[in-house]
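See below for the structure under consideration.
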Amino acid sequence: MPLNRRKFLKKSAVTGAGVAIAATAAAPAQAAETKKPGKPVKQPKRYALTVLGTTDLHGHVFNWDYFKDAEYKDTAGNAQGLARISTLVNQIRAEKGRENTLLLDAGDTIQGTPLTYYYAKVDPITAKGGPVHPMAQAMNAIGYDAAALGNHEFNYGIETLRKFESQLRFPLLGANAVDAKTLKPAFPPYVIKTFCVKGAPPVKVAVLGLTNPGIAIWDKAYVQGKLAFPGLEEQAAKWVPKLKSLGADVVIVSAHSGSSGTSSYGDQLPYVENSAALVAQQVPDIDAILVGHAHVEIPELKVVNAKTGKTVVLSEPLAYAERLSVFDVELVFEKGRWTVESVASKVLNSNTVADDPKITKLLGDEHAKVVAYVNQVVGTATETLTTVEARYKDAPIIDLITKVQEDVVKAALAGTSYASLPVIAQASPFSRTSEIPAGEVTIRDLSSLYVYDNTLVAKLLTGAQVRAYLEYSAQYFVQTAAGTVVDTEKLTNAAGRPDYNYDYVSGLAYEIDIAQPAGSRIKNLTFGGAALDDAQQFVLAVNNYRANGGGAFPHVASAQELWSESTEIRTRISEWVTAKGVLDPKDFASVDWKLTRDGTPVF
């Protein structure tokens with residue numbers, strides 16, 4: 001394993017020390033001495049450090065949309081990919097001096113595109129003599145100094161993560177990713193970089209990595225009993241004083257945790273999901289935090305530490321390598337020590353530069369393999385299916401997902417004592433732009449429908465629990481009085497709920513009355529043509545994110561698990577379509593639900 005992990009853990013158990021990496025840095029131009037009449041005054045030494053940061057790269061090496069088989073485009077004119085980030089980094093290193101810069105990432109690297117799926121599942125890096133992960137190749141070539149663990153690093157299991165870690169030429173940090181039994185660090189908590197300054201002691205910069213407590217829920221199948229993920233504030237409070245005692249002049253935190261102070265998993269964990277600002281507020285002696293996980297752009301956020309009154313600067317670059325955060329850290333050497341005088345941050349837009357040809361050359365072959373893979377034809381569609389209206393109308397394209405899940409779970413439970421129970425299924429409208437065109441259907445068409453690497457779980461629920469589940473899901477709609485004009489752009493995402501936390505449930509019929517307050521919206525809920533029996537037992541075919549508590553839907557996380565598997569739902573959809581040969585809505589589509597207002601259909 002990288003960084004001689006066994007020795008590291010042994011050492012950390014005794015001293016709590018992290019991994020120290022020395023870097024040689026040239027001195028920046030020093031302030032000239034000035035003279036006053038009578039007595040010369042020597043100006044203090046100064047040093048300027050530039051910290052660069054990315055986050056939530058999610059496998060984006062190039063500005064390419066594998067689902068559309070075309071250059072990536074959006075209405076804002078953004079560009080994506082590490083090849084662009086490499087160009088920005090090169091420019092800043094040329095300006096500031098590479099020896100005066102630090103390049104970090106805040107996690108979620110090896111999941112999110114067909115490129116990352118391909119090298120986890122189709123041509124896996126874990127195979128004997130397998131390939132080096134494209135993200136490892138790119139990040140090594142660009143010259144990252146450290147990266148924090150993201151929650152999506154665990155999506156393919158610990159073996160894949162450890163293999164990826166071993167392929168990196170920099171540490172993968174996670175101070176709050178600990179061994180479940182010993183509670184000792186399972187990954188390096190920090191790294192210390194030393195920058196030399198002519199005529200003054202070196203500047204020591206500590207980078208503390210923190211990851212997301214939600215991993216315990218979202219990837220429970222992989223981590224339960226093996227790893228634990230305590231809160232970021234608690235672990236930062238433990239490690240920052242240690243870093244200061246080791247002589248750190250600057251403390252940077254790379255945190256895979258947003259700044260909002262909120263959690264998507266309710267009270268299922270005693271730790272906050274998006275706690276970067278809380279870390280800044282509660283833990284003294286942090287100078288800057290590179291924020292990740294939330295997929296929002298924050299050029300600069302200033303948080304005052306409650307204990308010291310000192311301002312901590314936070315920045316979150318937009319995901320998918322669309323932005324690069326830049327922290328400018330100014331230090332002064334006075335009274336025998338370096339002190340951080342100021343920190344300022346901004347973000348740079350990767351659409352202002354072209355791809356670095358070094359990265360294009362390095363990973364062109366891997367990119368071409370994945371393009372060929374996703375363009376394989378697996379069937380023929382009799383008509384075009386789209387998600388454009390799937391948020392507010394029962395769309396056949398989502399019924400395809402639920403039908404596949406139902407069939408897989410029914411086959412898995414055949415011959416068991418649960419085989420006679422009715423199987424229902426949930427699915428969410430993940431994308432607003434997915435389309436399966438009439439005619440030839442490719443893997444990329446089907447992958448665009450199910451963009452996450454979720455797997456399938458079977459849970460046992462009662463009719464009453466299903467009703468509560470549907471009521472919770474229906475909170476997604478904004479309350480809209482009967483008779484008022486319905487604006488579909490303002491109808492959904494109540495209280496900021498994302499599309500992926502709204503669920504269809506197949507096998508039932510029901511109405512969602514959006515004129516009613518949340519909690520009283522499910523009307524005329526029937527099963528098999530009769531009013532739903534609260535005592536009836538159902539098998540819910542559900543994705544692992546939801547089954548483990550993602551979205552905080554009621555009952556499902558605590559429900560009895562009957563079966564689960566590691567094959568992605570996306571793969572199951574491709575298998576189903578391949579076996580059928582023809583994708584015809586009559587084989588899977590049904591109108592299970594509709595929006596109403598006081599009993600009158602909205603559409």
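Identifiers in this document derive from the order of the structure tokens: chains are assigned A, B, ..., residues are numbered from 1 separately in each chain, and ligands are numbered from 1 in order of occurrence.
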For region 60-122 of chain A versus region 163-181 of chain A, which residues have an atom no more than 10 Å away, and what is each residue's nearest atom pair and distance in Å rounded to one decimal, using only C-alpha atoms, chain-then-number order, as CSV?
```
residue,atom,partner,partner_atom,distance
A:Leu104,CA,A:Phe170,CA,9.9
A:Asp105,CA,A:Leu172,CA,9.4
A:Ala106,CA,A:Leu173,CA,9.3
A:Gly107,CA,A:Leu172,CA,9.0
A:Ile110,CA,A:Phe164,CA,8.3
A:Ala120,CA,A:Phe164,CA,9.8
```
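By only C-alpha atoms, and with residues fewer than 2 positions from region 578-587 of chain A along its chain excluded, the set lying at most 9 Å from it is Val377, Val378, Gly379, Thr380, Ala381, Thr382, Glu383, Leu385, Pro396, Ile397, Asp399, Leu400, Lys403, Val441, Ile573, Ser574, Glu575, Trp576, Ala589 and Ser590 of chain A.
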Given the selection you just returned, output its residues as a file containing N, CA and C atoms, formatted as a short mmCIF file (atom, residue, chain, number, x, y, z; two decimals), in the first residue's frame.
```cif
data_model
loop_
_atom_site.label_atom_id
_atom_site.label_comp_id
_atom_site.auth_asym_id
_atom_site.auth_seq_id
_atom_site.Cartn_x
_atom_site.Cartn_y
_atom_site.Cartn_z
N VAL A 377 -24.46 -1.10 -29.41
CA VAL A 377 -25.91 -1.21 -29.57
C VAL A 377 -26.40 -2.47 -28.86
N VAL A 378 -27.41 -2.32 -28.01
CA VAL A 378 -27.93 -3.47 -27.24
C VAL A 378 -29.39 -3.78 -27.56
N GLY A 379 -30.05 -2.93 -28.34
CA GLY A 379 -31.46 -3.18 -28.65
C GLY A 379 -32.03 -2.11 -29.56
N THR A 380 -33.35 -2.19 -29.76
CA THR A 380 -34.06 -1.23 -30.62
C THR A 380 -35.30 -0.73 -29.88
N ALA A 381 -35.50 0.58 -29.89
CA ALA A 381 -36.67 1.18 -29.24
C ALA A 381 -37.76 1.47 -30.27
N THR A 382 -38.99 1.17 -29.90
CA THR A 382 -40.10 1.39 -30.83
C THR A 382 -40.52 2.85 -30.86
N GLU A 383 -40.18 3.61 -29.81
CA GLU A 383 -40.50 5.03 -29.78
C GLU A 383 -39.52 5.75 -28.87
N LEU A 385 -38.23 7.74 -25.76
CA LEU A 385 -38.58 7.86 -24.34
C LEU A 385 -37.71 8.96 -23.74
N PRO A 396 -43.04 6.76 -18.90
CA PRO A 396 -42.66 5.38 -19.22
C PRO A 396 -41.18 5.09 -19.03
N ILE A 397 -40.31 6.08 -19.24
CA ILE A 397 -38.88 5.85 -19.13
C ILE A 397 -38.47 5.50 -17.68
N ASP A 399 -40.69 4.04 -15.61
CA ASP A 399 -41.31 2.72 -15.45
C ASP A 399 -40.36 1.60 -15.91
N LEU A 400 -39.51 1.91 -16.88
CA LEU A 400 -38.52 0.92 -17.33
C LEU A 400 -37.61 0.53 -16.17
N LYS A 403 -39.59 -1.59 -13.65
CA LYS A 403 -39.89 -2.91 -14.20
C LYS A 403 -38.66 -3.82 -14.11
N VAL A 441 -30.61 1.37 -29.71
CA VAL A 441 -30.38 1.77 -28.32
C VAL A 441 -28.98 1.31 -27.91
N ILE A 573 -30.35 -2.88 -16.26
CA ILE A 573 -31.19 -2.31 -17.31
C ILE A 573 -30.66 -2.72 -18.69
N SER A 574 -29.34 -2.62 -18.86
CA SER A 574 -28.73 -3.01 -20.14
C SER A 574 -28.97 -4.49 -20.43
N GLU A 575 -28.84 -5.32 -19.40
CA GLU A 575 -29.07 -6.76 -19.58
C GLU A 575 -30.52 -7.04 -19.99
N TRP A 576 -31.45 -6.34 -19.36
CA TRP A 576 -32.88 -6.53 -19.62
C TRP A 576 -33.21 -6.16 -21.07
N ALA A 589 -44.48 -0.01 -19.36
CA ALA A 589 -45.09 1.25 -18.94
C ALA A 589 -46.47 1.05 -18.33
N SER A 590 -46.77 1.85 -17.31
CA SER A 590 -48.10 1.87 -16.70
C SER A 590 -48.28 3.21 -16.01
#
```
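Comparing the minimum interatomic distances between Thr55 (chain A) and each of A:Lys220, A:His256, A:Arg162, A:Lys198, counting only C-alpha atoms, we find that A:His256 sits nearest.
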Of the residues A:Pro189, A:Pro554, A:Pro131, A:Gly199, which is the one nearest to Gln465 (chain A), using only C-alpha atoms?
A:Pro554
Looking at only C-alpha atoms, which of A:Gly528, A:Val602, A:Gly214, A:Arg98 is the one that sits closest to Thr480 (chain A)?
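For Thr480 (chain A), the nearest of the candidates is A:Val602.
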Find the nearest atom pair between each residue of region 104-186 of chain A and region 345-361 of chain A for residues within 9 Å, count only C-alpha atoms, give distances in Å to one decimal, sort rows by chain and ascending number, and present the table as JSON lines.
```
{"residue": "A:Gln137", "atom": "CA", "partner": "A:Ile359", "partner_atom": "CA", "distance": 8.9}
{"residue": "A:Ala138", "atom": "CA", "partner": "A:Ile359", "partner_atom": "CA", "distance": 6.5}
{"residue": "A:Ala141", "atom": "CA", "partner": "A:Ile359", "partner_atom": "CA", "distance": 7.6}
{"residue": "A:Ile142", "atom": "CA", "partner": "A:Ile359", "partner_atom": "CA", "distance": 8.2}
```
The selected residues should be written to file as a PDB file, in the first residue's frame (atoms: all heavy atoms).
```pdb
ATOM      1  N   GLN A 137      -3.655   8.330 -13.146  1.00  0.00           N
ATOM      2  CA  GLN A 137      -2.700   8.779 -14.160  1.00  0.00           C
ATOM      3  C   GLN A 137      -2.735  10.299 -14.327  1.00  0.00           C
ATOM      4  O   GLN A 137      -1.689  10.960 -14.364  1.00  0.00           O
ATOM      5  CB  GLN A 137      -3.002   8.120 -15.506  1.00  0.00           C
ATOM      6  CG  GLN A 137      -2.759   6.628 -15.564  1.00  0.00           C
ATOM      7  CD  GLN A 137      -2.892   6.098 -16.984  1.00  0.00           C
ATOM      8  OE1 GLN A 137      -2.189   6.554 -17.885  1.00  0.00           O
ATOM      9  NE2 GLN A 137      -3.805   5.159 -17.188  1.00  0.00           N
ATOM     10  N   ALA A 138      -3.932  10.842 -14.434  1.00  0.00           N
ATOM     11  CA  ALA A 138      -4.074  12.281 -14.663  1.00  0.00           C
ATOM     12  C   ALA A 138      -3.582  13.084 -13.468  1.00  0.00           C
ATOM     13  O   ALA A 138      -2.817  14.055 -13.622  1.00  0.00           O
ATOM     14  CB  ALA A 138      -5.533  12.618 -14.967  1.00  0.00           C
ATOM     15  N   ALA A 141       0.151  12.964 -13.106  1.00  0.00           N
ATOM     16  CA  ALA A 141       0.815  13.768 -14.136  1.00  0.00           C
ATOM     17  C   ALA A 141       0.721  15.260 -13.843  1.00  0.00           C
ATOM     18  O   ALA A 141       1.668  16.015 -14.085  1.00  0.00           O
ATOM     19  CB  ALA A 141       0.206  13.457 -15.504  1.00  0.00           C
ATOM     20  N   ILE A 142      -0.405  15.683 -13.317  1.00  0.00           N
ATOM     21  CA  ILE A 142      -0.585  17.097 -12.990  1.00  0.00           C
ATOM     22  C   ILE A 142       0.243  17.471 -11.758  1.00  0.00           C
ATOM     23  O   ILE A 142       0.703  18.603 -11.632  1.00  0.00           O
ATOM     24  CB  ILE A 142      -2.079  17.417 -12.772  1.00  0.00           C
ATOM     25  CG1 ILE A 142      -2.841  17.206 -14.090  1.00  0.00           C
ATOM     26  CG2 ILE A 142      -2.295  18.842 -12.279  1.00  0.00           C
ATOM     27  CD1 ILE A 142      -4.351  17.210 -13.946  1.00  0.00           C
TER      28      ILE A 142
END
```
Using only C-alpha atoms, which protein or nucleic acid residues come within 8 Å of Ser315 (chain A)? Drop anything in the same chain fewer than 3 positions from it, and give the result as a VMD selection string.
chain A and resid 289 to 291 297 to 301 325 345 to 347
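In terms of minimum interatomic distance to Gly231 (chain A), A:Ser275 ranks closest within A:Asn100, A:Gln91, A:Ser275, A:Ser434, counting only C-alpha atoms.
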With distances taken over only C-alpha atoms, which of A:Ile286, A:Val485, A:Ala518, A:Ala468 is nearest to Phe553 (chain A)?
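So, comparing all the options, the nearest one is A:Ala468.
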If DSSP is run on the backbone, what residues of region 340-525 of chain A are helix (DSSP H, G or I)? A reply as a ChimeraX atom specification would be ideal.
/A:350-352,357-374,396-413,443-449,463-476,494-496,499-501
Find the residue from A:Ile217, A:Glu334, A:Thr387, A:His293 that sits nearest to Ser558 (chain A); use only C-alpha atoms when measuring.
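Under the stated criterion, the closest residue is A:Ile217.
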Within 12 Å of Arg93 (chain A) using only C-alpha atoms, minus same-chain residues under 3 positions, as a PyMOL selection string:
chain A and resi 49-52+86-90+96-103+142-143+326
Show me, as an mmCIF file with N, CA, C and O atoms, in the first residue's frame, the residues that have an atom within 9 Å of Asp249 (chain A) when counting only C-alpha atoms, minus same-chain residues fewer than 5 positions from it.
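Generated output (result-v8.cif):
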```cif
data_model
loop_
_atom_site.group_PDB
_atom_site.id
_atom_site.type_symbol
_atom_site.label_atom_id
_atom_site.label_comp_id
_atom_site.auth_asym_id
_atom_site.auth_seq_id
_atom_site.Cartn_x
_atom_site.Cartn_y
_atom_site.Cartn_z
ATOM 1 N N VAL A 203 8.968 27.305 5.912
ATOM 2 C CA VAL A 203 7.540 27.378 6.233
ATOM 3 C C VAL A 203 6.985 25.963 6.177
ATOM 4 O O VAL A 203 7.137 25.269 5.174
ATOM 5 N N LYS A 204 6.353 25.533 7.260
ATOM 6 C CA LYS A 204 5.761 24.197 7.317
ATOM 7 C C LYS A 204 4.243 24.307 7.157
ATOM 8 O O LYS A 204 3.586 25.016 7.932
ATOM 9 N N VAL A 205 3.738 23.631 6.134
ATOM 10 C CA VAL A 205 2.307 23.681 5.814
ATOM 11 C C VAL A 205 1.701 22.304 6.036
ATOM 12 O O VAL A 205 2.137 21.324 5.422
ATOM 13 N N ALA A 206 0.725 22.230 6.919
ATOM 14 C CA ALA A 206 0.037 20.965 7.196
ATOM 15 C C ALA A 206 -1.289 20.945 6.464
ATOM 16 O O ALA A 206 -2.034 21.938 6.450
ATOM 17 N N LYS A 244 -0.106 21.658 14.998
ATOM 18 C CA LYS A 244 0.584 22.843 15.503
ATOM 19 C C LYS A 244 1.777 22.448 16.375
ATOM 20 O O LYS A 244 2.841 23.078 16.313
ATOM 21 N N LEU A 331 2.471 35.220 4.485
ATOM 22 C CA LEU A 331 3.078 34.994 5.800
ATOM 23 C C LEU A 331 4.164 36.028 6.074
ATOM 24 O O LEU A 331 4.804 36.542 5.145
ATOM 25 N N ARG A 337 9.125 33.533 14.464
ATOM 26 C CA ARG A 337 8.169 32.544 13.947
ATOM 27 C C ARG A 337 7.425 33.094 12.731
ATOM 28 O O ARG A 337 7.299 34.308 12.555
ATOM 29 N N TRP A 338 6.940 32.170 11.915
ATOM 30 C CA TRP A 338 6.098 32.546 10.790
ATOM 31 C C TRP A 338 4.652 32.698 11.266
ATOM 32 O O TRP A 338 4.153 31.882 12.039
ATOM 33 N N THR A 339 4.000 33.759 10.790
ATOM 34 C CA THR A 339 2.594 33.997 11.112
ATOM 35 C C THR A 339 1.826 34.252 9.820
ATOM 36 O O THR A 339 2.325 34.952 8.924
ATOM 37 N N VAL A 340 0.656 33.671 9.729
ATOM 38 C CA VAL A 340 -0.206 33.944 8.575
ATOM 39 C C VAL A 340 -0.782 35.340 8.729
ATOM 40 O O VAL A 340 -1.502 35.630 9.684
#
```
Interatomic distance (Å, one decimal) between CA of Ala321 (chain A) and CA of Thr109 (chain A)
10.5 Å
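Near Ala427 (chain A), within a cut-off of 10 Å and counting only C-alpha atoms, sit the residues A:Ile398, A:Asp399, A:Leu400, A:Ile401, A:Thr402, A:Lys403, A:Gln405, A:Phe430, A:Tyr450, A:Tyr500, A:Asn501, A:Tyr502, A:Asp503, A:Tyr504, A:Val505, A:Ser506, A:Ala541, A:Val542, A:Asn543, A:Arg546, with same-chain residues fewer than 3 positions away left out.
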Once you have the residues from the selection above, write them out as a PDB file, in the first residue's frame, restricted to C-alpha atoms.
```pdb
ATOM      1  CA  ILE A 398     -38.927   5.680 -15.295  1.00  0.00           C
ATOM      2  CA  ASP A 399     -41.305   2.715 -15.450  1.00  0.00           C
ATOM      3  CA  LEU A 400     -38.518   0.922 -17.329  1.00  0.00           C
ATOM      4  CA  ILE A 401     -36.297   1.221 -14.250  1.00  0.00           C
ATOM      5  CA  THR A 402     -38.968  -0.051 -11.866  1.00  0.00           C
ATOM      6  CA  LYS A 403     -39.894  -2.914 -14.200  1.00  0.00           C
ATOM      7  CA  GLN A 405     -35.918  -3.871 -10.615  1.00  0.00           C
ATOM      8  CA  PHE A 430     -32.341  11.511 -11.855  1.00  0.00           C
ATOM      9  CA  TYR A 450     -29.376   5.834 -14.527  1.00  0.00           C
ATOM     10  CA  TYR A 500     -33.049  12.219  -6.867  1.00  0.00           C
ATOM     11  CA  ASN A 501     -34.923  12.376  -3.563  1.00  0.00           C
ATOM     12  CA  TYR A 502     -38.335  12.116  -5.214  1.00  0.00           C
ATOM     13  CA  ASP A 503     -39.466   8.505  -5.737  1.00  0.00           C
ATOM     14  CA  TYR A 504     -42.006   6.822  -7.948  1.00  0.00           C
ATOM     15  CA  VAL A 505     -43.296   3.544  -6.491  1.00  0.00           C
ATOM     16  CA  SER A 506     -44.549   0.991  -9.013  1.00  0.00           C
ATOM     17  CA  ALA A 541     -37.020  -3.229  -4.760  1.00  0.00           C
ATOM     18  CA  VAL A 542     -34.912  -0.221  -3.819  1.00  0.00           C
ATOM     19  CA  ASN A 543     -31.479   1.163  -4.633  1.00  0.00           C
ATOM     20  CA  ARG A 546     -32.166   4.735  -0.402  1.00  0.00           C
TER      21      ARG A 546
END
```
Could you find all residues in region 260-484 of chain A that DSSP calls strand (DSSP E or B) from the backbone, and write them as a ChimeraX atom specification?
/A:288-291,298-304,311-316,323-334,337-349,377-381,385-386,423-427,435-436,439-442,455-462
